[in-house]
Every structure is written in structure tokens, then in C-alpha cells.
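Scroll down for the structure; my scribbles are underneath it.
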Amino acid sequence: MEPGVSGRRALMLARALLLNEPTASLDLRFQHEILDGARRLAVEHGLAVAVVTHDPNLAAAYADDVLLLQHGAVAYAGPMSGLGAGDLARAYGLTVDRIEAPGGGRLFAWRPAA
């Protein structure tokens, strides 16, 4: 392999950031500080940022695109704006309501399926 090829590959890898459950065990303020920082890195440095989370409301607040898995299979892949309550209900086995919040945000509220 040419020396320059591995260097280019490393540079390409450095343009993406993977955060695995970065908000686990953090209070609300610090959850948002972490994800605000990740978004700033993406915008200011042209990074692709992938965040693994089990919190659909954090994803709704920060994600442009989402990949929802159910037992390791893709349950939904696409823009966050297209993720519906039914997608989450099927993936989690809960009754889910999607609530459009003032200012354009969205929240998901869930309860055990009846």
C-alpha cells in the first residue's frame, strides 16, 4: 500500500465521530451540552456525527437522520422528521404518541400497550 493512501484513509476517518451512549447517566442539562457540542463539531468542522442513544426524544431534538433498530433489524431509516409514533410503537412494543412542540420541536410520549 502506498504511504499516502493510509494517510488519506486516516483523514477520512477523522471526519466522522461516533458517540456510543454519550448521555447515559447524565442529567438533562449535561445531556444537552454533550449533544450541542457534537452538533457544533459537525457544523464547524464538517464532521459526520453518529450518536447511539436509546432516547428518542434526544434523537428528535438533535438528529437529522435516524436509524431505528428492532432486534438488530432496521425498523426505520430516514430523516428524523419522518419517524412516526407507529415506528417507535412497533420497535418498542409500547403505545407512543408524537407531540409537535411549540417552536417546531417534537416529543414522543409512551405508555405500556393496552
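The chains in the C-alpha cells are called A, B, ... from first to last as shown; in each chain the residues are counted from 1, and the ligands are counted from 1 in the order shown.
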Requested in this report: Please give the complete set of residues from chain A that DSSP, run on the backbone, assigns to helix (DSSP H, G or I), formatted as a VMD selection string.
Outcome: chain A and resid 3 to 13 28 to 45 56 to 62 80 to 82 85 to 92 102 to 104
Using only N, CA and C atoms, please write the residues we just selected to a file, as a short mmCIF file (atom, residue, chain, number, x, y, z; two decimals), in the first residue's frame.
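The result, stored in selection_6.cif:
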data_model
loop_
_atom_site.label_atom_id
_atom_site.label_comp_id
_atom_site.auth_asym_id
_atom_site.auth_seq_id
_atom_site.Cartn_x
_atom_site.Cartn_y
_atom_site.Cartn_z
N PRO A 3 2.25 4.87 0.95
CA PRO A 3 2.18 5.60 2.22
C PRO A 3 1.07 6.65 2.25
N GLY A 4 0.83 7.33 1.12
CA GLY A 4 -0.19 8.38 1.09
C GLY A 4 -1.61 7.85 1.21
N VAL A 5 -1.83 6.62 0.79
CA VAL A 5 -3.18 6.06 0.83
C VAL A 5 -3.65 5.89 2.27
N SER A 6 -2.80 5.33 3.13
CA SER A 6 -3.21 5.14 4.52
C SER A 6 -3.42 6.49 5.20
N GLY A 7 -2.62 7.49 4.85
CA GLY A 7 -2.81 8.81 5.42
C GLY A 7 -4.14 9.43 5.02
N ARG A 8 -4.53 9.25 3.75
CA ARG A 8 -5.82 9.76 3.29
C ARG A 8 -6.96 9.03 3.98
N ARG A 9 -6.80 7.72 4.17
CA ARG A 9 -7.84 6.93 4.83
C ARG A 9 -8.00 7.41 6.28
N ALA A 10 -6.90 7.70 6.96
CA ALA A 10 -6.97 8.19 8.34
C ALA A 10 -7.65 9.55 8.38
N LEU A 11 -7.36 10.39 7.40
CA LEU A 11 -8.00 11.70 7.35
C LEU A 11 -9.51 11.54 7.15
N MET A 12 -9.91 10.61 6.29
CA MET A 12 -11.34 10.38 6.07
C MET A 12 -12.00 9.88 7.35
N LEU A 13 -11.33 9.01 8.10
CA LEU A 13 -11.89 8.51 9.35
C LEU A 13 -12.01 9.63 10.38
N LEU A 28 -30.29 16.13 32.65
CA LEU A 28 -30.82 16.77 31.44
C LEU A 28 -29.90 17.85 30.89
N ARG A 29 -29.39 18.72 31.74
CA ARG A 29 -28.53 19.81 31.29
C ARG A 29 -27.30 19.28 30.56
N PHE A 30 -26.63 18.29 31.15
CA PHE A 30 -25.40 17.78 30.56
C PHE A 30 -25.68 16.94 29.31
N GLN A 31 -26.83 16.30 29.24
CA GLN A 31 -27.20 15.59 28.02
C GLN A 31 -27.23 16.57 26.84
N HIS A 32 -27.86 17.71 27.07
CA HIS A 32 -27.98 18.70 26.00
C HIS A 32 -26.64 19.38 25.71
N GLU A 33 -25.81 19.58 26.73
CA GLU A 33 -24.49 20.17 26.49
C GLU A 33 -23.65 19.25 25.61
N ILE A 34 -23.69 17.95 25.87
CA ILE A 34 -22.92 16.99 25.06
C ILE A 34 -23.41 17.01 23.61
N LEU A 35 -24.73 16.94 23.42
CA LEU A 35 -25.25 16.89 22.05
C LEU A 35 -25.15 18.23 21.33
N ASP A 36 -25.25 19.33 22.07
CA ASP A 36 -24.99 20.64 21.46
C ASP A 36 -23.54 20.71 20.96
N GLY A 37 -22.62 20.21 21.78
CA GLY A 37 -21.21 20.19 21.39
C GLY A 37 -20.96 19.33 20.17
N ALA A 38 -21.62 18.18 20.10
CA ALA A 38 -21.48 17.30 18.94
C ALA A 38 -22.01 17.98 17.68
N ARG A 39 -23.14 18.67 17.81
CA ARG A 39 -23.69 19.38 16.65
C ARG A 39 -22.76 20.50 16.21
N ARG A 40 -22.18 21.23 17.18
CA ARG A 40 -21.23 22.30 16.84
C ARG A 40 -20.02 21.74 16.08
N LEU A 41 -19.50 20.59 16.55
CA LEU A 41 -18.37 19.96 15.85
C LEU A 41 -18.76 19.62 14.41
N ALA A 42 -19.95 19.11 14.24
CA ALA A 42 -20.42 18.74 12.90
C ALA A 42 -20.47 19.96 12.00
N VAL A 43 -21.03 21.03 12.51
CA VAL A 43 -21.22 22.23 11.69
C VAL A 43 -19.90 22.96 11.45
N GLU A 44 -19.13 23.18 12.52
CA GLU A 44 -17.92 23.99 12.40
C GLU A 44 -16.77 23.27 11.70
N HIS A 45 -16.73 21.94 11.80
CA HIS A 45 -15.60 21.20 11.24
C HIS A 45 -16.01 20.24 10.12
N PRO A 56 -35.48 8.42 22.26
CA PRO A 56 -35.99 9.01 21.03
C PRO A 56 -36.21 10.52 21.13
N ASN A 57 -36.40 11.05 22.32
CA ASN A 57 -36.59 12.49 22.45
C ASN A 57 -35.29 13.25 22.24
N LEU A 58 -34.17 12.69 22.69
CA LEU A 58 -32.89 13.32 22.38
C LEU A 58 -32.60 13.25 20.89
N ALA A 59 -32.90 12.11 20.29
CA ALA A 59 -32.73 11.98 18.84
C ALA A 59 -33.60 13.00 18.12
N ALA A 60 -34.83 13.17 18.56
CA ALA A 60 -35.74 14.13 17.92
C ALA A 60 -35.21 15.55 18.02
N ALA A 61 -34.54 15.86 19.12
CA ALA A 61 -34.03 17.22 19.32
C ALA A 61 -32.77 17.51 18.50
N TYR A 62 -31.96 16.48 18.19
CA TYR A 62 -30.66 16.74 17.60
C TYR A 62 -30.39 16.06 16.26
N MET A 80 -35.23 12.29 10.50
CA MET A 80 -35.88 12.30 11.82
C MET A 80 -37.31 12.79 11.68
N SER A 81 -37.54 13.73 10.79
CA SER A 81 -38.88 14.29 10.62
C SER A 81 -39.89 13.24 10.17
N GLY A 82 -39.42 12.16 9.57
CA GLY A 82 -40.32 11.12 9.09
C GLY A 82 -40.58 10.01 10.09
N ALA A 85 -44.77 7.86 15.40
CA ALA A 85 -45.11 7.16 16.64
C ALA A 85 -45.28 5.66 16.37
N GLY A 86 -45.84 5.32 15.22
CA GLY A 86 -46.03 3.91 14.87
C GLY A 86 -44.73 3.16 14.73
N ASP A 87 -43.69 3.82 14.20
CA ASP A 87 -42.37 3.18 14.09
C ASP A 87 -41.83 2.82 15.46
N LEU A 88 -41.92 3.76 16.39
CA LEU A 88 -41.44 3.52 17.75
C LEU A 88 -42.32 2.49 18.47
N ALA A 89 -43.62 2.56 18.24
CA ALA A 89 -44.54 1.61 18.88
C ALA A 89 -44.20 0.18 18.47
N ARG A 90 -43.96 -0.03 17.18
CA ARG A 90 -43.61 -1.37 16.71
C ARG A 90 -42.26 -1.82 17.25
N ALA A 91 -41.29 -0.91 17.28
CA ALA A 91 -39.94 -1.27 17.73
C ALA A 91 -39.88 -1.56 19.22
N TYR A 92 -40.64 -0.82 20.02
CA TYR A 92 -40.54 -0.94 21.47
C TYR A 92 -41.72 -1.66 22.12
N PRO A 102 -44.22 23.48 20.60
CA PRO A 102 -44.09 24.86 20.10
C PRO A 102 -42.65 25.11 19.66
N GLY A 103 -42.48 25.86 18.61
CA GLY A 103 -41.15 26.16 18.12
C GLY A 103 -40.63 25.12 17.14
N GLY A 104 -41.46 24.15 16.77
CA GLY A 104 -41.06 23.19 15.75
C GLY A 104 -40.45 21.91 16.26
#
Query raised in the report: If you count only C-alpha atoms, which residues fall within 8 Å of Ala109 of chain A, apart from same-chain ones fewer than 6 positions away, as a count of residues only?
Result: 4
Report task. Compile the contact shell of Asn20 of chain A as a VMD selection string: residues with an atom at most 6 Å away, counting only C-alpha atoms, same-chain residues fewer than 2 positions apart removed. Result -> chain A and resid 22 51 to 52
Restrict the selected residues to N, CA and C atoms and save them as a PDB file, in the first residue's frame.
ATOM      1  N   PRO A  22     -23.454   8.645  24.690  1.00  0.00           N
ATOM      2  CA  PRO A  22     -22.697   9.683  25.402  1.00  0.00           C
ATOM      3  C   PRO A  22     -23.491  10.375  26.507  1.00  0.00           C
ATOM      4  N   VAL A  51     -24.585   9.226  16.676  1.00  0.00           N
ATOM      5  CA  VAL A  51     -24.804   9.062  18.115  1.00  0.00           C
ATOM      6  C   VAL A  51     -25.715   7.868  18.328  1.00  0.00           C
ATOM      7  N   VAL A  52     -25.276   6.957  19.174  1.00  0.00           N
ATOM      8  CA  VAL A  52     -26.110   5.833  19.582  1.00  0.00           C
ATOM      9  C   VAL A  52     -26.831   6.258  20.856  1.00  0.00           C
TER      10      VAL A  52
END
Query raised in the report: Near Leu94 of chain A, counting only C-alpha atoms, which residues have an atom at most 7 Å away, once you skip same-chain residues fewer than 4 positions from it, shown as a count of residues only?
Result: 5
**Report entry** Filtered DSSP result for chain A, state strand (DSSP E or B), as a PyMOL selection string
**Finding:** chain A and resi 16-20+48-52+65-70+73-79+94-100+106-112
Any chance you can output those residues with C-alpha atoms as a PDB file, in the first residue's frame?
ATOM      1  CA  ALA A  16     -16.535  11.242  11.394  1.00  0.00           C
ATOM      2  CA  LEU A  17     -17.297  10.964  15.084  1.00  0.00           C
ATOM      3  CA  LEU A  18     -19.123   8.039  16.683  1.00  0.00           C
ATOM      4  CA  LEU A  19     -20.568   8.609  20.164  1.00  0.00           C
ATOM      5  CA  ASN A  20     -21.907   5.491  21.870  1.00  0.00           C
ATOM      6  CA  ALA A  48     -20.322  13.463  10.285  1.00  0.00           C
ATOM      7  CA  VAL A  49     -21.542  12.634  13.799  1.00  0.00           C
ATOM      8  CA  ALA A  50     -23.302   9.385  14.648  1.00  0.00           C
ATOM      9  CA  VAL A  51     -24.804   9.062  18.115  1.00  0.00           C
ATOM     10  CA  VAL A  52     -26.110   5.833  19.582  1.00  0.00           C
ATOM     11  CA  ASP A  65     -31.378  11.317  10.187  1.00  0.00           C
ATOM     12  CA  VAL A  66     -32.136   8.276  12.290  1.00  0.00           C
ATOM     13  CA  LEU A  67     -31.662   4.526  12.157  1.00  0.00           C
ATOM     14  CA  LEU A  68     -34.106   2.689  14.430  1.00  0.00           C
ATOM     15  CA  LEU A  69     -33.309  -0.939  15.146  1.00  0.00           C
ATOM     16  CA  GLN A  70     -35.661  -3.638  16.390  1.00  0.00           C
ATOM     17  CA  ALA A  73     -33.048  -5.338  12.163  1.00  0.00           C
ATOM     18  CA  VAL A  74     -33.789  -1.953  10.613  1.00  0.00           C
ATOM     19  CA  ALA A  75     -37.233  -0.758  11.715  1.00  0.00           C
ATOM     20  CA  TYR A  76     -36.854   2.749  10.227  1.00  0.00           C
ATOM     21  CA  ALA A  77     -34.105   4.584   8.368  1.00  0.00           C
ATOM     22  CA  GLY A  78     -34.518   8.111   7.127  1.00  0.00           C
ATOM     23  CA  PRO A  79     -34.993  11.700   8.174  1.00  0.00           C
ATOM     24  CA  LEU A  94     -45.404   0.445  23.563  1.00  0.00           C
ATOM     25  CA  THR A  95     -48.181   2.851  22.736  1.00  0.00           C
ATOM     26  CA  VAL A  96     -46.439   6.013  21.517  1.00  0.00           C
ATOM     27  CA  ASP A  97     -47.765   9.489  20.796  1.00  0.00           C
ATOM     28  CA  ARG A  98     -45.815  12.015  18.731  1.00  0.00           C
ATOM     29  CA  ILE A  99     -46.345  15.524  20.046  1.00  0.00           C
ATOM     30  CA  GLU A 100     -45.420  18.574  17.990  1.00  0.00           C
ATOM     31  CA  ARG A 106     -41.259  17.134  18.608  1.00  0.00           C
ATOM     32  CA  LEU A 107     -41.561  14.816  21.561  1.00  0.00           C
ATOM     33  CA  PHE A 108     -42.532  11.192  21.901  1.00  0.00           C
ATOM     34  CA  ALA A 109     -44.630  10.132  24.872  1.00  0.00           C
ATOM     35  CA  TRP A 110     -45.097   6.426  25.560  1.00  0.00           C
ATOM     36  CA  ARG A 111     -47.003   4.127  27.844  1.00  0.00           C
ATOM     37  CA  PRO A 112     -47.394   0.346  28.032  1.00  0.00           C
TER      38      PRO A 112
END
Report task. Quote the spacing between atom CA of Leu83 of chain A and atom CA of Ala63 of chain A in Å to one decimal place. Result -> 11.0 Å
